[in-house]
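Pasted below: coords.tsv, TSV, C-alpha atoms.
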chain	number	residue	atom	x	y	z
Y	237	ALA	CA	147.57	90.73	91.25
Y	238	LYS	CA	150.03	93.48	90.42
Y	239	THR	CA	149.75	92.67	86.72
Y	240	MET	CA	145.96	92.80	86.80
Y	241	ALA	CA	145.92	96.08	88.72
Y	242	SER	CA	148.49	97.60	86.37
Y	243	SER	CA	146.40	96.50	83.40
Y	244	SER	CA	143.32	98.22	84.84
Y	245	ILE	CA	145.28	101.35	85.62
Y	246	SER	CA	146.72	101.45	82.09
Y	247	VAL	CA	143.20	101.23	80.60
Y	248	PHE	CA	142.09	104.18	82.76
Y	249	ALA	CA	145.28	106.06	81.85
Y	250	ILE	CA	144.62	105.51	78.14
Y	251	GLY	CA	141.08	106.81	78.60
Y	252	ASP	CA	142.34	109.95	80.32
Y	253	PHE	CA	144.96	110.49	77.60
Y	254	LEU	CA	142.33	110.18	74.87
Y	255	ALA	CA	140.05	112.57	76.75
Y	256	GLN	CA	142.82	115.18	76.99
Y	257	LEU	CA	143.54	114.75	73.28
Y	258	ILE	CA	139.89	115.20	72.35
Y	259	LEU	CA	139.65	118.29	74.56
Y	260	TYR	CA	142.66	119.77	72.79
Y	261	ILE	CA	141.07	119.48	69.33
Y	262	LEU	CA	137.51	120.41	70.29
Y	263	PRO	CA	136.21	123.97	69.80
Y	264	SER	CA	136.58	126.00	72.98
Y	265	ARG	CA	132.80	126.24	73.41
Y	266	ILE	CA	132.57	122.46	73.72
Y	267	SER	CA	135.77	121.89	75.69
Y	268	ASP	CA	134.70	124.54	78.20
Y	269	ARG	CA	131.39	122.72	78.58
Y	270	VAL	CA	133.22	119.46	79.31
Y	271	ARG	CA	135.36	121.15	81.97
Y	272	GLU	CA	132.26	122.70	83.52
Y	273	ASN	CA	130.54	119.30	83.67
Y	274	THR	CA	133.55	117.62	85.27
Y	275	SER	CA	134.34	120.36	87.78
Y	276	PRO	CA	133.57	119.74	91.46
Y	277	GLN	CA	129.99	120.47	92.45
Y	278	THR	CA	128.99	122.61	95.40
Y	279	VAL	CA	126.54	120.70	97.60
Y	280	LEU	CA	124.91	121.11	101.00
Y	281	VAL	CA	125.41	118.05	103.22
Y	282	LEU	CA	122.08	117.12	104.78
Y	283	ARG	CA	123.42	115.22	107.78
Y	284	ASP	CA	125.39	118.12	109.27
Y	285	GLY	CA	124.35	121.25	107.33
Y	286	SER	CA	127.87	121.87	106.03
Y	287	THR	CA	128.67	122.92	102.48
Y	288	LYS	CA	131.19	121.20	100.27
Y	289	ARG	CA	132.63	123.90	98.08
Y	290	ALA	CA	134.35	123.46	94.75
Y	291	ASN	CA	137.50	125.23	95.96
Y	292	ASP	CA	137.77	123.19	99.17
Y	293	GLY	CA	140.76	120.94	98.69
Y	294	ASN	CA	139.49	118.52	101.33
Y	295	ASN	CA	136.22	117.90	99.50
Y	296	ASN	CA	137.26	118.23	95.88
Y	297	GLU	CA	134.83	115.75	94.33
Y	298	PRO	CA	134.45	115.96	90.54
Y	299	ARG	CA	131.05	114.95	89.21
Y	300	MET	CA	132.61	112.49	86.77
Y	301	THR	CA	136.01	111.52	85.39
Y	302	LEU	CA	137.40	113.42	82.42
Y	303	PHE	CA	136.81	110.49	80.07
Y	304	GLU	CA	133.20	110.18	81.28
Y	305	GLY	CA	132.83	113.94	80.95
Y	306	VAL	CA	133.88	114.01	77.30
Y	307	PHE	CA	131.66	111.03	76.44
Y	308	ALA	CA	128.60	112.27	78.35
Y	309	THR	CA	128.87	115.92	77.26
Y	310	LEU	CA	129.18	115.18	73.56
Y	311	LEU	CA	126.51	112.48	73.43
Y	312	PHE	CA	123.97	113.47	76.07
Y	313	ASP	CA	124.43	117.06	77.21
Y	314	LEU	CA	124.99	118.65	73.81
Y	315	ALA	CA	123.40	115.69	71.94
Y	316	LEU	CA	125.68	116.19	68.96
Y	317	PHE	CA	124.49	112.91	67.43
Y	318	GLY	CA	120.80	113.56	68.07
Y	319	THR	CA	118.46	111.83	70.50
Y	320	SER	CA	116.81	109.05	68.50
Y	321	ASN	CA	118.43	107.74	65.35
Y	322	PRO	CA	120.46	104.69	64.29
Y	323	ILE	CA	123.79	106.31	65.23
Y	324	ILE	CA	123.02	107.31	68.81
Y	325	ASN	CA	121.01	104.12	69.39
Y	326	PHE	CA	124.00	102.05	68.23
Y	327	ILE	CA	126.34	103.97	70.54
Y	328	ILE	CA	124.04	103.46	73.53
Y	329	ARG	CA	123.67	99.74	72.80
Y	330	ALA	CA	127.46	99.40	72.41
Y	331	PHE	CA	128.03	101.14	75.74
Y	332	THR	CA	125.46	98.88	77.40
Y	333	THR	CA	127.29	95.84	76.00
Y	334	ILE	CA	130.52	97.13	77.53
Y	335	GLN	CA	128.78	97.65	80.86
Y	336	ASN	CA	127.48	94.09	80.67
Y	337	SER	CA	131.09	92.91	80.90
Y	338	TRP	CA	130.84	93.89	84.57
Y	339	ASP	CA	128.93	90.61	84.98
Y	340	ARG	CA	132.04	88.58	84.04
Y	341	PRO	CA	132.88	86.42	87.07
Y	342	PHE	CA	136.19	86.99	88.82
Y	343	GLN	CA	138.52	84.01	88.54
Y	344	ASN	CA	139.54	84.02	92.18
Y	345	GLU	CA	139.59	86.13	95.35
Y	346	THR	CA	142.89	87.74	94.41
Y	347	GLU	CA	141.48	89.07	91.13
Y	348	ALA	CA	138.27	90.18	92.88
Y	349	GLU	CA	140.19	92.17	95.49
Y	350	SER	CA	142.49	93.72	92.89
Y	351	LYS	CA	139.68	94.80	90.54
Y	352	ILE	CA	137.42	96.07	93.30
Y	353	PHE	CA	140.15	98.06	95.04
Y	354	GLU	CA	141.06	99.66	91.71
Y	355	PHE	CA	137.37	100.46	91.14
Y	356	CYS	CA	137.18	102.05	94.60
Y	357	THR	CA	140.31	104.12	93.98
Y	358	ARG	CA	139.06	105.29	90.61
Y	359	LEU	CA	135.63	106.35	91.92
Y	360	ASP	CA	136.76	107.54	95.37
Y	361	ILE	CA	134.77	104.86	97.22
Y	362	ARG	CA	135.87	104.67	100.84
Y	363	ARG	CA	137.97	101.62	101.72
Y	364	HIS	CA	138.89	102.47	105.32
Y	365	PRO	CA	136.84	101.49	107.18
Y	366	TRP	CA	135.38	98.86	104.84
Y	367	MET	CA	131.62	99.52	105.18
Y	368	TRP	CA	130.26	96.83	102.86
Y	369	HIS	CA	128.58	93.54	103.68
Y	370	ARG	CA	131.31	91.27	102.30
Y	371	PRO	CA	135.11	91.45	102.07
Y	372	ALA	CA	136.31	92.61	98.63
Y	373	GLY	CA	137.62	89.16	97.71
Y	374	GLU	CA	134.19	87.57	98.20
Y	375	TYR	CA	132.34	89.51	95.49
Y	376	GLY	CA	131.69	87.43	92.39
Y	377	SER	CA	131.92	90.19	89.77
Y	378	LEU	CA	132.23	93.94	89.40
Y	379	ASN	CA	128.45	94.21	89.10
Y	380	ASP	CA	128.08	92.18	92.27
Y	381	PHE	CA	130.09	94.86	94.07
Y	382	PHE	CA	128.32	97.72	92.26
Y	383	SER	CA	125.00	96.54	93.73
Y	384	ARG	CA	126.54	96.02	97.19
Y	385	THR	CA	124.85	96.83	100.46
Y	386	TYR	CA	126.17	98.12	103.77
Y	387	ALA	CA	127.36	95.98	106.63
Y	388	PRO	CA	124.68	96.27	109.37
Y	389	GLU	CA	126.90	98.33	111.66
Y	390	TYR	CA	127.50	100.94	108.95
Y	391	PHE	CA	123.99	101.23	107.51
Y	392	PRO	CA	122.83	104.90	107.67
Y	393	ARG	CA	120.40	105.65	110.49
Y	394	LEU	CA	116.73	105.89	109.51
Y	395	GLY	CA	115.29	109.37	110.12
Y	396	ASP	CA	112.06	109.91	112.05
Y	397	GLY	CA	110.47	112.26	109.47
Y	398	ARG	CA	107.39	111.48	107.42
Y	399	VAL	CA	109.33	111.25	104.13
Y	400	VAL	CA	112.96	110.12	103.93
Y	401	SER	CA	115.51	109.92	101.15
Y	402	PRO	CA	115.08	106.73	99.11
Y	403	ALA	CA	118.76	106.57	98.18
Y	404	CYS	CA	122.28	107.89	98.74
Y	405	CYS	CA	122.25	110.68	96.20
Y	406	LYS	CA	122.36	114.34	95.28
Y	407	ILE	CA	118.85	115.79	95.62
Y	408	SER	CA	117.12	118.85	94.19
Y	409	THR	CA	113.57	119.82	95.08
Y	410	TYR	CA	110.87	121.78	93.24
Y	411	ASP	CA	107.59	123.31	94.45
Y	412	ASP	CA	105.58	121.46	91.80
Y	413	ASP	CA	105.78	119.82	88.39
Y	414	GLU	CA	105.75	123.19	86.63
Y	415	GLY	CA	108.79	124.23	88.68
Y	416	LEU	CA	110.51	121.00	87.68
Y	417	ARG	CA	109.81	121.70	84.03
Y	418	ARG	CA	110.77	125.39	84.19
Y	419	LEU	CA	113.99	125.04	86.19
Y	420	LEU	CA	115.33	121.63	85.20
Y	421	ILE	CA	113.67	119.89	82.27
Y	422	LYS	CA	113.89	122.56	79.59
Y	423	GLY	CA	115.27	120.88	76.47
Y	424	CYS	CA	112.65	118.24	75.64
Y	425	GLU	CA	108.90	117.59	75.41
Y	426	TYR	CA	108.51	116.19	78.93
Y	427	ASP	CA	104.95	115.43	80.10
Y	428	VAL	CA	104.16	114.11	83.59
Y	429	SER	CA	101.17	112.20	82.18
Y	430	LYS	CA	103.51	110.10	80.01
Y	431	ILE	CA	105.74	108.83	82.84
Y	432	GLY	CA	103.46	105.90	83.67
Y	433	LEU	CA	101.96	107.29	86.88
Y	434	PRO	CA	98.54	105.74	87.56
Y	435	ASP	CA	95.59	108.14	87.80
Y	436	ASP	CA	92.04	107.88	89.13
Y	437	GLU	CA	88.86	108.14	87.05
Y	438	ASN	CA	88.51	111.87	87.76
Y	439	ASN	CA	92.17	112.70	86.97
Y	440	LEU	CA	92.54	114.07	90.50
Y	441	LEU	CA	95.57	112.02	91.46
Y	442	LEU	CA	97.67	113.11	88.50
Y	443	GLU	CA	96.64	116.69	89.17
Y	444	ALA	CA	97.81	116.28	92.78
Y	445	TYR	CA	101.21	115.12	91.54
Y	446	ARG	CA	101.36	118.13	89.22
Y	447	SER	CA	100.50	120.55	92.03
Y	448	ASN	CA	102.76	119.32	94.84
Y	449	ARG	CA	106.43	118.94	95.61
Y	450	VAL	CA	108.81	116.98	93.40
Y	451	PHE	CA	112.20	115.62	94.49
Y	452	VAL	CA	114.86	114.65	91.93
Y	453	GLY	CA	117.87	112.58	92.97
Y	454	TYR	CA	120.99	111.50	91.08
Y	455	LEU	CA	123.00	108.43	92.07
Y	456	GLY	CA	126.59	108.66	90.87
Y	457	PRO	CA	128.73	105.59	90.08
Y	458	LYS	CA	130.36	105.76	93.55
Y	459	ASP	CA	127.04	105.75	95.41
Y	460	TYR	CA	125.22	102.89	97.09
Y	461	HIS	CA	122.84	101.72	94.34
Y	462	ARG	CA	119.87	100.31	96.21
Y	463	VAL	CA	116.60	102.22	96.50
Y	464	HIS	CA	114.46	102.15	99.64
Y	465	SER	CA	110.91	103.17	100.49
Y	466	PRO	CA	110.59	106.89	101.38
Y	467	ILE	CA	107.45	106.34	103.53
Y	468	SER	CA	105.60	103.64	105.40
Y	469	GLY	CA	102.51	102.48	103.57
Y	470	LYS	CA	100.97	100.08	101.10
Y	471	CYS	CA	102.30	99.59	97.59
Y	472	THR	CA	99.41	100.30	95.20
Y	473	HIS	CA	101.32	100.20	91.91
Y	474	CYS	CA	104.58	98.73	90.61
Y	475	ARG	CA	105.40	98.57	86.93
Y	476	LEU	CA	108.48	98.69	84.71
Y	477	GLU	CA	108.10	101.24	81.90
Y	478	GLY	CA	110.25	101.51	78.78
Y	479	ALA	CA	111.74	98.07	79.30
Y	480	ASP	CA	113.22	98.01	75.79
Y	481	SER	CA	114.33	101.66	75.72
Y	482	ASN	CA	117.84	102.79	74.81
Y	483	SER	CA	118.28	104.77	78.02
Y	484	ALA	CA	120.25	108.02	77.88
Y	485	SER	CA	122.61	109.27	80.58
Y	486	VAL	CA	120.84	110.62	83.67
Y	487	LYS	CA	123.63	113.11	84.36
Y	488	PHE	CA	121.80	115.81	82.37
Y	489	PHE	CA	118.10	116.15	83.22
Y	490	GLY	CA	118.01	119.53	81.53
Y	491	GLY	CA	119.17	118.26	78.14
Y	492	LYS	CA	117.40	117.16	74.99
Y	493	PHE	CA	116.83	113.57	76.10
Y	494	ASN	CA	113.42	113.01	77.68
Y	495	LEU	CA	114.62	110.90	80.60
Y	496	LEU	CA	111.38	110.64	82.58
Y	497	ASN	CA	109.30	109.70	79.54
Y	498	ASP	CA	111.72	107.62	77.49
Y	499	ASN	CA	114.34	105.94	79.72
Y	500	LYS	CA	113.82	102.53	81.30
Y	501	ARG	CA	112.11	103.27	84.63
Y	502	LEU	CA	110.37	101.54	87.49
Y	503	VAL	CA	107.24	103.31	88.74
Y	504	VAL	CA	106.28	102.50	92.34
Y	505	VAL	CA	103.38	104.18	94.16
Y	506	LEU	CA	103.16	104.01	97.96
Y	507	GLU	CA	100.11	105.08	99.95
Y	508	GLU	CA	100.00	105.95	103.64
Y	509	GLU	CA	97.15	104.67	105.75
Y	510	SER	CA	94.13	107.01	105.65
Y	511	SER	CA	94.12	109.62	108.39
Y	512	THR	CA	91.13	111.02	110.24
Y	513	VAL	CA	91.05	114.60	111.51
Y	514	GLY	CA	88.54	116.45	113.70
Y	515	GLY	CA	86.71	119.51	112.49
Y	516	GLY	CA	83.35	121.30	112.11
Y	517	GLU	CA	80.60	122.01	114.63
Y	518	SER	CA	76.91	121.23	115.13
Y	519	ASN	CA	74.24	123.75	116.35
Y	520	GLY	CA	76.75	125.59	118.51
Y	521	ASN	CA	77.56	122.48	120.56
Y	522	ASP	CA	81.33	122.50	120.93
Y	523	ASP	CA	81.33	118.88	122.07
Y	524	VAL	CA	80.25	117.61	118.68
Y	525	VAL	CA	83.16	116.80	116.39
Y	526	VAL	CA	82.77	115.84	112.76
Y	527	GLU	CA	85.37	113.37	111.60
Y	528	VAL	CA	86.71	114.10	108.14
Y	529	GLN	CA	88.49	111.40	106.18
Y	530	GLU	CA	91.54	112.93	104.48
Y	531	PRO	CA	92.90	111.43	101.28
Y	532	PRO	CA	96.09	109.54	102.15
Y	533	LEU	CA	99.52	110.82	101.21
Y	534	ARG	CA	100.71	109.10	98.07
Y	535	VAL	CA	104.32	109.11	96.95
Y	536	ALA	CA	105.08	108.10	93.37
Y	537	LEU	CA	108.70	107.02	93.02
Y	538	VAL	CA	110.00	106.95	89.45
Y	539	ILE	CA	113.30	105.03	89.51
Y	540	VAL	CA	115.18	105.86	86.29
Y	541	GLY	CA	117.94	103.77	84.77
Y	542	GLY	CA	120.70	105.57	82.88
Y	543	VAL	CA	122.88	104.54	79.96
Y	544	GLY	CA	124.39	101.11	80.53
Y	545	VAL	CA	121.77	100.07	83.08
Y	546	ASN	CA	120.37	96.85	81.70
Y	547	THR	CA	118.85	95.56	84.94
Y	548	ILE	CA	116.58	97.06	87.59
Y	549	THR	CA	115.93	94.34	90.16
Y	550	TYR	CA	112.68	94.53	92.13
Y	551	ASP	CA	109.95	92.39	93.68
Y	552	LYS	CA	107.19	92.06	91.08
Y	553	ASP	CA	104.74	90.94	93.78
Y	554	MET	CA	105.03	93.96	96.10
Y	555	VAL	CA	101.64	95.43	95.05
Y	556	GLY	CA	99.18	95.17	97.93
Y	557	ARG	CA	101.90	94.66	100.53
Y	558	SER	CA	102.72	96.95	103.43
Y	559	ILE	CA	106.16	98.48	102.95
Y	560	GLY	CA	108.08	99.88	105.88
Y	561	LYS	CA	109.84	103.24	105.66
Y	562	GLY	CA	113.44	102.50	104.68
Y	563	GLN	CA	112.66	99.02	103.34
Y	564	GLU	CA	114.60	98.10	100.19
Y	565	ILE	CA	112.48	98.05	97.03
Y	566	SER	CA	114.90	97.92	94.07
Y	567	THR	CA	118.52	97.59	92.99
Y	568	PHE	CA	120.46	98.89	89.97
Y	569	ARG	CA	123.19	96.90	88.28
Y	570	ALA	CA	125.84	98.88	86.33
Y	571	GLY	CA	125.66	102.49	85.26
Y	572	GLY	CA	124.30	105.73	86.67
Y	573	SER	CA	120.73	106.10	87.85
Y	574	ALA	CA	118.28	108.65	89.20
Y	575	PHE	CA	114.81	109.06	90.61
Y	576	ALA	CA	111.95	111.53	90.57
Y	577	MET	CA	109.59	111.47	93.54
Y	578	PHE	CA	106.14	113.03	93.18
Y	579	THR	CA	103.91	113.71	96.21
Y	580	SER	CA	100.15	114.16	96.47
Y	581	LYS	CA	100.13	116.63	99.40
Y	582	ARG	CA	101.96	119.73	100.50
Y	583	LEU	CA	104.91	118.79	102.66
Y	584	ASP	CA	107.08	120.73	105.09
Y	585	ILE	CA	110.58	120.09	103.74
Y	586	VAL	CA	113.55	120.30	106.09
Y	587	PRO	CA	115.37	123.68	106.22
Y	588	ALA	CA	118.45	122.36	104.41
Y	589	LEU	CA	116.40	121.57	101.31
Y	590	SER	CA	114.80	125.02	101.37
Y	591	ARG	CA	118.18	126.69	101.74
Y	592	ALA	CA	119.70	124.64	98.92
Y	593	ALA	CA	116.78	125.46	96.62
Y	594	GLU	CA	117.22	129.17	97.31
Y	595	GLU	CA	120.96	128.95	96.57
Y	596	GLY	CA	120.48	126.79	93.47
Y	597	ILE	CA	122.59	123.87	94.74
Y	598	CYS	CA	121.95	120.21	95.44
Y	599	VAL	CA	121.74	118.43	98.77
Y	600	GLU	CA	123.87	115.39	99.51
Y	601	ALA	CA	121.67	112.87	101.34
Y	602	ASN	CA	122.17	109.42	102.75
Y	603	VAL	CA	119.46	106.83	102.33
Y	604	GLY	CA	116.90	107.17	105.12
Y	605	GLU	CA	117.63	110.81	106.03
Y	606	THR	CA	114.54	112.94	106.66
Y	607	LEU	CA	113.44	115.11	103.73
Y	608	ALA	CA	110.00	116.30	104.84
Y	609	ASN	CA	107.38	116.19	107.59

Starting from the file, lay out its structure as structure tokens.
Amino acid sequence: AKTMASSSISVFAIGDFLAQLILYILPSRISDRVRENTSPQTVLVLRDGSTKRANDGNNNEPRMTLFEGVFATLLFDLALFGTSNPIINFIIRAFTTIQNSWDRPFQNETEAESKIFEFCTRLDIRRHPWMWHRPAGEYGSLNDFFSRTYAPEYFPRLGDGRVVSPACCKISTYDDDEGLRRLLIKGCEYDVSKIGLPDDENNLLLEAYRSNRVFVGYLGPKDYHRVHSPISGKCTHCRLEGADSNSASVKFFGGKFNLLNDNKRLVVVLEEESSTVGGGESNGNDDVVVEVQEPPLRVALVIVGGVGVNTITYDKDMVGRSIGKGQEISTFRAGGSAFAMFTSKRLDIVPALSRAAEEGICVEANVGETLAN
């Protein structure tokens, strides 16, 4: 076990050494960009309203390791090798092949425990208490652990709001699709109509998604990588888009890669039950109430796989079924991932999200925490 752990540590050490060497020889403009991308991120914690600041030694969480930072900045943030050509496509496929090695079965429980504990240490995944549904030695592979779920006693509590977070992630929110494009997606030809969102015959549904709030969430390698339903309702659409795409890293939504149009992505649309509201009057008789059928709230969840993600697991038969708020709907295996969540009505977001948007920072949310009412 010691030999296997030492071997893993030496591989990580070599990666860090190479990253430092590359930083030393890179132009300062690029090396400064790498350091910026790997520096700790200031976030507002949704569950208690606190702020994790970059200079707080107790919460000093870098966004990625130095080796990841060099790789991701050069290839995906700055796109030094372009966005679609034989070179970058080869690099992405090679990285995906490496990630696929996470499916290699562990030989025994001793190896499983050693590899998983090293993985936890490297990515700052909590080990005490152990919150996951199986002991470390019982996972069959690294990917088996990556797609882990919580032990029942540690599963985050489901909020009572109308819309909850579909994942453990860092969330940003935008007033509408134009705000998303203007503030975040600035380096590519993104078009909401090319995501794969279903529309109606009058193009009203797509227009509703354009006009209402958008949530964007990023799931880092250390996060719980299962996605749950943000509302209670019926699934009206479920389709995998870009199944054969060479997905780019989801760490940089504002870069030159068109993540929402080009990456592998699962599009799931959930519809609340129709609601009836009172209104109107008849010939001055206040006792007469006209019932007006409101269009139901629809939430379109675009679950985006990042570089190295070769599998998004989901139930292909969920269309037509009632899905409970907080019910699991998909799982990622290997690599980073993200989501964009489009809504068809104006929503009253919780104060923490409003505050974070004003300050230009992200919100750290657990799966199931209330986002809007």

Taking (107.6, 116.4, 106.6) in the file's own coordinates, collect the residues within 7 Å, counting only C-alpha atoms, and hand them back as a list of chain:residue names. Y:Gly397, Y:Arg398, Y:Val399, Y:Leu583, Y:Asp584, Y:Ile585, Y:Leu607, Y:Ala608, Y:Asn609

Show which residues sit within 12 Å of Gly491 (chain Y), as a PyMOL selection string. Count all atoms listed in the file, and ignore same-chain residues fewer than 3 positions away. chain Y and resi 308-316+318-319+417+419-426+484-488+494-496

Could you put an axis-aligned box around every listed atom of region 582-593 of chain Y, padded by 6 Å on each side, and send me its centre and edge lengths in Å to one decimal, as lines of an AutoDock Vina configuration file?
center_x = 110.8
center_y = 122.7
center_z = 101.4
size_x = 29.7
size_y = 19.9
size_z = 21.6

When distances are computed from all atoms listed in the file, which of Y:Phe451, Y:Phe331, Y:Phe489, Y:Trp366 shows the smallest separation from Val543 (chain Y)?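 Using all atoms listed in the file, the shortest distance to Val543 (chain Y) belongs to Y:Phe331.
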
Which residues are close to Lys470 (chain Y), i.e. within 8 Å by only C-alpha atoms, leaving aside same-chain residues fewer than 5 positions away? Reply as a list in words.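 These residues fall inside the cut-off: Leu506, Glu507, Glu508, Glu509, Val555, Gly556, Arg557, Ser558 and Ile559 of chain Y.
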
So what do you get for CA of Val540 (chain Y) versus CA of Ala576 (chain Y), distance-wise?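 Here the two named atoms are 7.8 Å from each other.
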